[in-house]
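Here's the structure we're looking at; comments come further down.
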Amino acid sequence: MGTHPHKERVAEYRRTQNEVAAYYDRLSTDLVARLVGEQQTTPDEIRQQAAAASPTSPGSPTSSSPCTTSTWSPHLRRLCRPPTVERSLLRRTRVPRMTAGDDLLRRIETTPALAELLIWPGDFDIERRDPVEELRLPSGAPLTPIAGDASGATYFLCGTPGTTRPVLYADSEGSATLVAADLVEAVTLIAAYPYWHDLLHDRLHGHAIGEVVEELEEDMCEDHPDYPAARAELLRLLGVTPPTPEDAVARLRASAARTVPGFLPIAMLDEGEISYTLL
């Protein structure tokens with residue numbers, strides 16, 4: 001005795017329904033995985049994927065997609081429509097943009113040799129991320145501590161991740177200054193001139209920049225004979241060319257001039273708020 005035609009239609013319906021569900025599971029999984037993974041999915045690619053999922057789209061899959069059978073009932077065609085949830089998810093999902101500064105910070109955090117050379121001779125230690133006091137910026141922009149030095153000072157990134165964030169240096173005595181426009185510039189200056197603080201102070205007054213740098217270099221070599229080799233290795237690992245002393249001083253001064261008023265931090269103490277002074 002043969003199978004009842006009604007039962008055959010029900011079985012065929014269920015097979016088709018399972019194929020449709022599996023198809024969209026694969027589609028949504030692929031798109032979401034690409035959105036949150038290393039490879040960014042462009043809006044054009046998302047539109048192309050969505051178009052391929054439509055049973056009436058010219059770019060729809062043929063033999064590989066269950067959504068191409070023209071004889072399906074209206075109910076089955078409704079099953080083939082891309083789910084609203086997935087489309088809404090694709091519209092809302094955004095992969096944060098990785099800036100050069102973000103990439104450099106991640107490289108420092110994952111490269112012990114680089115991190116060690118930044119500790120010395122750079123005096124830039126990513127393990128020192130506890131400021132001596134809680135600070136905020138007048139603008140309300142986020143402050144993210146990323147490193148500290150042996151004196152108790154802290155380096156901060158100013159702004160939200162995924163944007164170009166200036167680097168702020170706040171010492172333990174209530175003074176602060178912007179060091180650079182972003183982390184790449186800051187680390188380059190720190191690696192090339194670990195005594196960069198001295199290039200902002202009165203030591204330059206009445207003296208040529210080159211002469212002052214030469215004197216500071218001699219002091220470093222006298223105290224630490226292996227300084228030239230360590231500095232050269234640090235610059236090599238970073239893959240940067242050190243700026244000239246004149247260029248370094250110009251950059252430091254330009255950043256310092258931008259500190260007031262928006263980037264001069266405010267200490268939030270129990271007795272009230274106190275503004276830092278310019279370093």
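In the structure tokens, chains take the letters A, B, ... in the order shown, each chain's residues start at 1, and ligands count up from 1 in the order shown.
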Write out as a PDB file with N, CA and C atoms, in the first residue's frame the residues lying within 10 Å of Ala170 (chain A), counting only C-alpha atoms and excluding same-chain residues fewer than 4 positions away.
ATOM      1  N   PRO A 131      47.036  55.881  38.784  1.00  0.00           N
ATOM      2  CA  PRO A 131      47.367  57.282  39.076  1.00  0.00           C
ATOM      3  C   PRO A 131      47.375  57.543  40.575  1.00  0.00           C
ATOM      4  N   VAL A 132      48.139  58.547  40.983  1.00  0.00           N
ATOM      5  CA  VAL A 132      48.213  58.873  42.409  1.00  0.00           C
ATOM      6  C   VAL A 132      46.886  59.422  42.918  1.00  0.00           C
ATOM      7  N   LEU A 135      41.541  61.651  38.363  1.00  0.00           N
ATOM      8  CA  LEU A 135      41.533  62.872  37.563  1.00  0.00           C
ATOM      9  C   LEU A 135      40.378  62.850  36.573  1.00  0.00           C
ATOM     10  N   GLY A 148      53.099  54.483  33.399  1.00  0.00           N
ATOM     11  CA  GLY A 148      53.603  55.403  34.405  1.00  0.00           C
ATOM     12  C   GLY A 148      55.114  55.418  34.375  1.00  0.00           C
ATOM     13  N   GLY A 152      56.290  58.345  39.699  1.00  0.00           N
ATOM     14  CA  GLY A 152      54.898  58.288  40.121  1.00  0.00           C
ATOM     15  C   GLY A 152      53.949  58.987  39.172  1.00  0.00           C
ATOM     16  N   ALA A 153      54.466  59.503  38.064  1.00  0.00           N
ATOM     17  CA  ALA A 153      53.618  60.160  37.072  1.00  0.00           C
ATOM     18  C   ALA A 153      52.875  59.116  36.236  1.00  0.00           C
ATOM     19  N   THR A 154      51.835  59.570  35.560  1.00  0.00           N
ATOM     20  CA  THR A 154      51.005  58.674  34.752  1.00  0.00           C
ATOM     21  C   THR A 154      50.789  59.265  33.367  1.00  0.00           C
ATOM     22  N   TYR A 155      50.835  58.388  32.375  1.00  0.00           N
ATOM     23  CA  TYR A 155      50.476  58.754  31.003  1.00  0.00           C
ATOM     24  C   TYR A 155      49.031  58.328  30.752  1.00  0.00           C
ATOM     25  N   PHE A 156      48.252  59.233  30.163  1.00  0.00           N
ATOM     26  CA  PHE A 156      46.849  58.954  29.861  1.00  0.00           C
ATOM     27  C   PHE A 156      46.582  59.143  28.370  1.00  0.00           C
ATOM     28  N   GLY A 174      51.090  67.485  40.920  1.00  0.00           N
ATOM     29  CA  GLY A 174      49.996  68.371  40.531  1.00  0.00           C
ATOM     30  C   GLY A 174      50.239  69.162  39.261  1.00  0.00           C
ATOM     31  N   SER A 175      51.151  68.693  38.403  1.00  0.00           N
ATOM     32  CA  SER A 175      51.407  69.358  37.126  1.00  0.00           C
ATOM     33  C   SER A 175      51.144  68.373  35.990  1.00  0.00           C
ATOM     34  N   ALA A 176      50.821  68.919  34.828  1.00  0.00           N
ATOM     35  CA  ALA A 176      50.504  68.054  33.690  1.00  0.00           C
ATOM     36  C   ALA A 176      50.763  68.789  32.389  1.00  0.00           C
ATOM     37  N   THR A 177      50.904  68.008  31.321  1.00  0.00           N
ATOM     38  CA  THR A 177      51.056  68.575  29.982  1.00  0.00           C
ATOM     39  C   THR A 177      50.692  67.522  28.950  1.00  0.00           C
ATOM     40  N   LEU A 178      50.190  67.969  27.824  1.00  0.00           N
ATOM     41  CA  LEU A 178      50.069  67.068  26.685  1.00  0.00           C
ATOM     42  C   LEU A 178      51.468  66.815  26.140  1.00  0.00           C
ATOM     43  N   VAL A 179      51.738  65.558  25.812  1.00  0.00           N
ATOM     44  CA  VAL A 179      53.047  65.185  25.284  1.00  0.00           C
ATOM     45  C   VAL A 179      53.029  65.114  23.763  1.00  0.00           C
ATOM     46  N   LEU A 264      43.902  70.242  30.701  1.00  0.00           N
ATOM     47  CA  LEU A 264      44.539  70.382  32.009  1.00  0.00           C
ATOM     48  C   LEU A 264      43.652  69.675  33.031  1.00  0.00           C
ATOM     49  N   PRO A 265      44.126  68.570  33.597  1.00  0.00           N
ATOM     50  CA  PRO A 265      43.238  67.741  34.419  1.00  0.00           C
ATOM     51  C   PRO A 265      42.865  68.382  35.746  1.00  0.00           C
ATOM     52  N   TYR A 276      45.068  70.993  38.075  1.00  0.00           N
ATOM     53  CA  TYR A 276      46.516  70.867  37.937  1.00  0.00           C
ATOM     54  C   TYR A 276      47.083  72.136  37.305  1.00  0.00           C
ATOM     55  N   THR A 277      48.383  72.298  37.428  1.00  0.00           N
ATOM     56  CA  THR A 277      49.070  73.401  36.760  1.00  0.00           C
ATOM     57  C   THR A 277      49.827  72.851  35.559  1.00  0.00           C
ATOM     58  N   LEU A 278      50.147  73.728  34.628  1.00  0.00           N
ATOM     59  CA  LEU A 278      50.866  73.299  33.433  1.00  0.00           C
ATOM     60  C   LEU A 278      52.306  72.962  33.793  1.00  0.00           C
ATOM     61  N   LEU A 279      52.757  71.814  33.342  1.00  0.00           N
ATOM     62  CA  LEU A 279      54.117  71.366  33.645  1.00  0.00           C
ATOM     63  C   LEU A 279      55.152  72.299  33.019  1.00  0.00           C
TER      64      LEU A 279
END
When DSSP works through the backbone of this structure, what residues of region 95-236 of chain A end up as strand (DSSP E), shown as a PDB file with N, CA, C and O atoms, in the first residue's frame?
ATOM      1  N   LEU A 135      41.541  61.651  38.363  1.00  0.00           N
ATOM      2  CA  LEU A 135      41.533  62.872  37.563  1.00  0.00           C
ATOM      3  C   LEU A 135      40.378  62.850  36.573  1.00  0.00           C
ATOM      4  O   LEU A 135      39.881  61.796  36.189  1.00  0.00           O
ATOM      5  N   ARG A 136      40.000  64.048  36.158  1.00  0.00           N
ATOM      6  CA  ARG A 136      39.041  64.187  35.068  1.00  0.00           C
ATOM      7  C   ARG A 136      39.471  65.358  34.196  1.00  0.00           C
ATOM      8  O   ARG A 136      40.237  66.233  34.629  1.00  0.00           O
ATOM      9  N   LEU A 143      39.499  59.640  30.326  1.00  0.00           N
ATOM     10  CA  LEU A 143      40.940  59.563  30.569  1.00  0.00           C
ATOM     11  C   LEU A 143      41.289  58.099  30.833  1.00  0.00           C
ATOM     12  O   LEU A 143      40.751  57.495  31.760  1.00  0.00           O
ATOM     13  N   THR A 144      42.186  57.554  30.034  1.00  0.00           N
ATOM     14  CA  THR A 144      42.569  56.153  30.186  1.00  0.00           C
ATOM     15  C   THR A 144      44.046  56.053  30.538  1.00  0.00           C
ATOM     16  O   THR A 144      44.904  56.369  29.708  1.00  0.00           O
ATOM     17  N   PRO A 145      44.386  55.635  31.766  1.00  0.00           N
ATOM     18  CA  PRO A 145      45.800  55.479  32.118  1.00  0.00           C
ATOM     19  C   PRO A 145      46.407  54.306  31.368  1.00  0.00           C
ATOM     20  O   PRO A 145      45.823  53.219  31.315  1.00  0.00           O
ATOM     21  N   ILE A 146      47.579  54.517  30.775  1.00  0.00           N
ATOM     22  CA  ILE A 146      48.200  53.454  29.980  1.00  0.00           C
ATOM     23  C   ILE A 146      49.606  53.112  30.449  1.00  0.00           C
ATOM     24  O   ILE A 146      50.122  52.045  30.109  1.00  0.00           O
ATOM     25  N   ALA A 147      50.241  53.998  31.215  1.00  0.00           N
ATOM     26  CA  ALA A 147      51.613  53.741  31.664  1.00  0.00           C
ATOM     27  C   ALA A 147      51.974  54.746  32.751  1.00  0.00           C
ATOM     28  O   ALA A 147      51.256  55.726  32.985  1.00  0.00           O
ATOM     29  N   GLY A 148      53.099  54.483  33.399  1.00  0.00           N
ATOM     30  CA  GLY A 148      53.603  55.403  34.405  1.00  0.00           C
ATOM     31  C   GLY A 148      55.114  55.418  34.375  1.00  0.00           C
ATOM     32  O   GLY A 148      55.743  54.641  33.649  1.00  0.00           O
ATOM     33  N   THR A 154      51.835  59.570  35.560  1.00  0.00           N
ATOM     34  CA  THR A 154      51.005  58.674  34.752  1.00  0.00           C
ATOM     35  C   THR A 154      50.789  59.265  33.367  1.00  0.00           C
ATOM     36  O   THR A 154      50.594  60.477  33.218  1.00  0.00           O
ATOM     37  N   TYR A 155      50.835  58.388  32.375  1.00  0.00           N
ATOM     38  CA  TYR A 155      50.476  58.754  31.003  1.00  0.00           C
ATOM     39  C   TYR A 155      49.031  58.328  30.752  1.00  0.00           C
ATOM     40  O   TYR A 155      48.643  57.201  31.077  1.00  0.00           O
ATOM     41  N   PHE A 156      48.252  59.233  30.163  1.00  0.00           N
ATOM     42  CA  PHE A 156      46.849  58.954  29.861  1.00  0.00           C
ATOM     43  C   PHE A 156      46.582  59.143  28.370  1.00  0.00           C
ATOM     44  O   PHE A 156      47.191  60.003  27.720  1.00  0.00           O
ATOM     45  N   LEU A 157      45.619  58.373  27.865  1.00  0.00           N
ATOM     46  CA  LEU A 157      45.028  58.655  26.562  1.00  0.00           C
ATOM     47  C   LEU A 157      43.755  59.458  26.803  1.00  0.00           C
ATOM     48  O   LEU A 157      42.947  59.099  27.671  1.00  0.00           O
ATOM     49  N   CYS A 158      43.574  60.528  26.039  1.00  0.00           N
ATOM     50  CA  CYS A 158      42.426  61.419  26.223  1.00  0.00           C
ATOM     51  C   CYS A 158      41.416  61.198  25.098  1.00  0.00           C
ATOM     52  O   CYS A 158      41.725  61.461  23.932  1.00  0.00           O
ATOM     53  N   VAL A 167      48.028  62.294  24.123  1.00  0.00           N
ATOM     54  CA  VAL A 167      48.638  61.671  25.301  1.00  0.00           C
ATOM     55  C   VAL A 167      48.932  62.749  26.337  1.00  0.00           C
ATOM     56  O   VAL A 167      49.625  63.729  26.054  1.00  0.00           O
ATOM     57  N   LEU A 168      48.393  62.555  27.536  1.00  0.00           N
ATOM     58  CA  LEU A 168      48.576  63.488  28.647  1.00  0.00           C
ATOM     59  C   LEU A 168      49.533  62.882  29.664  1.00  0.00           C
ATOM     60  O   LEU A 168      49.435  61.699  29.996  1.00  0.00           O
ATOM     61  N   TYR A 169      50.446  63.716  30.160  1.00  0.00           N
ATOM     62  CA  TYR A 169      51.375  63.306  31.218  1.00  0.00           C
ATOM     63  C   TYR A 169      51.028  64.101  32.464  1.00  0.00           C
ATOM     64  O   TYR A 169      51.037  65.337  32.450  1.00  0.00           O
ATOM     65  N   ALA A 170      50.699  63.393  33.543  1.00  0.00           N
ATOM     66  CA  ALA A 170      50.372  64.046  34.811  1.00  0.00           C
ATOM     67  C   ALA A 170      51.330  63.539  35.880  1.00  0.00           C
ATOM     68  O   ALA A 170      51.388  62.328  36.142  1.00  0.00           O
ATOM     69  N   SER A 175      51.151  68.693  38.403  1.00  0.00           N
ATOM     70  CA  SER A 175      51.407  69.358  37.126  1.00  0.00           C
ATOM     71  C   SER A 175      51.144  68.373  35.990  1.00  0.00           C
ATOM     72  O   SER A 175      51.253  67.153  36.169  1.00  0.00           O
ATOM     73  N   ALA A 176      50.821  68.919  34.828  1.00  0.00           N
ATOM     74  CA  ALA A 176      50.504  68.054  33.690  1.00  0.00           C
ATOM     75  C   ALA A 176      50.763  68.789  32.389  1.00  0.00           C
ATOM     76  O   ALA A 176      50.830  70.022  32.346  1.00  0.00           O
ATOM     77  N   THR A 177      50.904  68.008  31.321  1.00  0.00           N
ATOM     78  CA  THR A 177      51.056  68.575  29.982  1.00  0.00           C
ATOM     79  C   THR A 177      50.692  67.522  28.950  1.00  0.00           C
ATOM     80  O   THR A 177      50.851  66.314  29.196  1.00  0.00           O
ATOM     81  N   LEU A 178      50.190  67.969  27.824  1.00  0.00           N
ATOM     82  CA  LEU A 178      50.069  67.068  26.685  1.00  0.00           C
ATOM     83  C   LEU A 178      51.468  66.815  26.140  1.00  0.00           C
ATOM     84  O   LEU A 178      52.273  67.742  26.010  1.00  0.00           O
ATOM     85  N   VAL A 179      51.738  65.558  25.812  1.00  0.00           N
ATOM     86  CA  VAL A 179      53.047  65.185  25.284  1.00  0.00           C
ATOM     87  C   VAL A 179      53.029  65.114  23.763  1.00  0.00           C
ATOM     88  O   VAL A 179      53.995  65.495  23.098  1.00  0.00           O
ATOM     89  N   ALA A 180      51.923  64.620  23.226  1.00  0.00           N
ATOM     90  CA  ALA A 180      51.868  64.403  21.782  1.00  0.00           C
ATOM     91  C   ALA A 180      50.423  64.318  21.326  1.00  0.00           C
ATOM     92  O   ALA A 180      49.498  64.173  22.136  1.00  0.00           O
TER      93      ALA A 180
END
| Of the candidates A:Cys221, A:Ala229, A:Ile266, A:Ile274, which shows the shortest atom-to-atom distance to Pro138 (chain A), using only C-alpha atoms? | A:Ile266
| said: I'd like the neighbourhood of Ala250 (chain A) as a ChimeraX atom specification, where a residue qualifies if any of its atoms comes within 12 Å (using only C-alpha atoms), though same-chain residues fewer than 2 positions away should be ignored. | reply: /A:179-180,189,196,199-200,209,243-248,252-257
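Rounded to one decimal, CA of Leu216 (chain A) and CA of Ala181 (chain A) lie 24.6 Å from each other.
One finds CA of Glu222 (chain A) at 20.5 Å from CA of Leu235 (chain A).
The coordinates place CA of Asp123 (chain A) at 6.7 Å from CA of Ala150 (chain A).
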| task | Would you please extract all helix (DSSP H, G or I) residues from region 75-231 of chain A, as assigned by DSSP on the backbone, and give them as a ChimeraX atom specification? | result | /A:75-79,84-92,100-110,112-119,183-192,196-199,202-204,209-223,227-231
Got a sec: who's within 7 Å of region 115-121 of chain A, counting only C-alpha atoms, leaving out chain neighbours fewer than 5 positions off, as a compact mmCIF listing (two decimals) with N, CA, C and O atoms, in the first residue's frame?
# COMPACT_ATOMS: atom_id res chain seq x y z
N ILE A 108 52.75 46.83 22.23
CA ILE A 108 53.59 46.96 23.44
C ILE A 108 53.16 45.95 24.49
O ILE A 108 53.99 45.29 25.13
N GLU A 109 51.85 45.79 24.65
CA GLU A 109 51.33 44.89 25.68
C GLU A 109 51.64 43.43 25.38
O GLU A 109 51.69 42.60 26.30
N PRO A 194 64.38 60.15 26.01
CA PRO A 194 63.76 59.75 27.29
C PRO A 194 63.82 60.85 28.35
O PRO A 194 63.09 60.79 29.34
N TYR A 227 73.33 52.68 27.37
CA TYR A 227 72.19 53.46 26.89
C TYR A 227 72.13 53.57 25.36
O TYR A 227 71.06 53.35 24.78
N ALA A 230 70.76 50.33 23.90
CA ALA A 230 69.37 50.09 24.28
C ALA A 230 68.43 51.02 23.52
O ALA A 230 67.36 50.61 23.05
N ARG A 231 68.82 52.26 23.39
CA ARG A 231 68.00 53.23 22.66
C ARG A 231 67.88 52.82 21.19
O ARG A 231 66.78 52.87 20.60
N LEU A 234 65.50 49.91 20.88
CA LEU A 234 64.12 50.35 21.08
C LEU A 234 63.57 50.99 19.82
O LEU A 234 62.45 50.69 19.38
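Distance check against Ile126 (chain A) using only C-alpha atoms: of A:Val187, A:Val212, A:Val249, A:Ala267, the minimum falls on A:Val187.
Counting only C-alpha atoms, the residue from A:Asp103, A:Asp219, A:Glu127, A:Glu133 that sits nearest to Met268 (chain A) is A:Glu133.
For the set A:Pro261, A:Gly272, A:Gly101, A:Pro228, the residue with the smallest atom-to-atom gap to Thr164 (chain A) is A:Gly101, counting only C-alpha atoms.
The residue that comes closest to Arg236 (chain A), out of A:Ala141, A:Ala100, A:Val184, A:Ala192 and on the basis of only C-alpha atoms, is A:Ala192.
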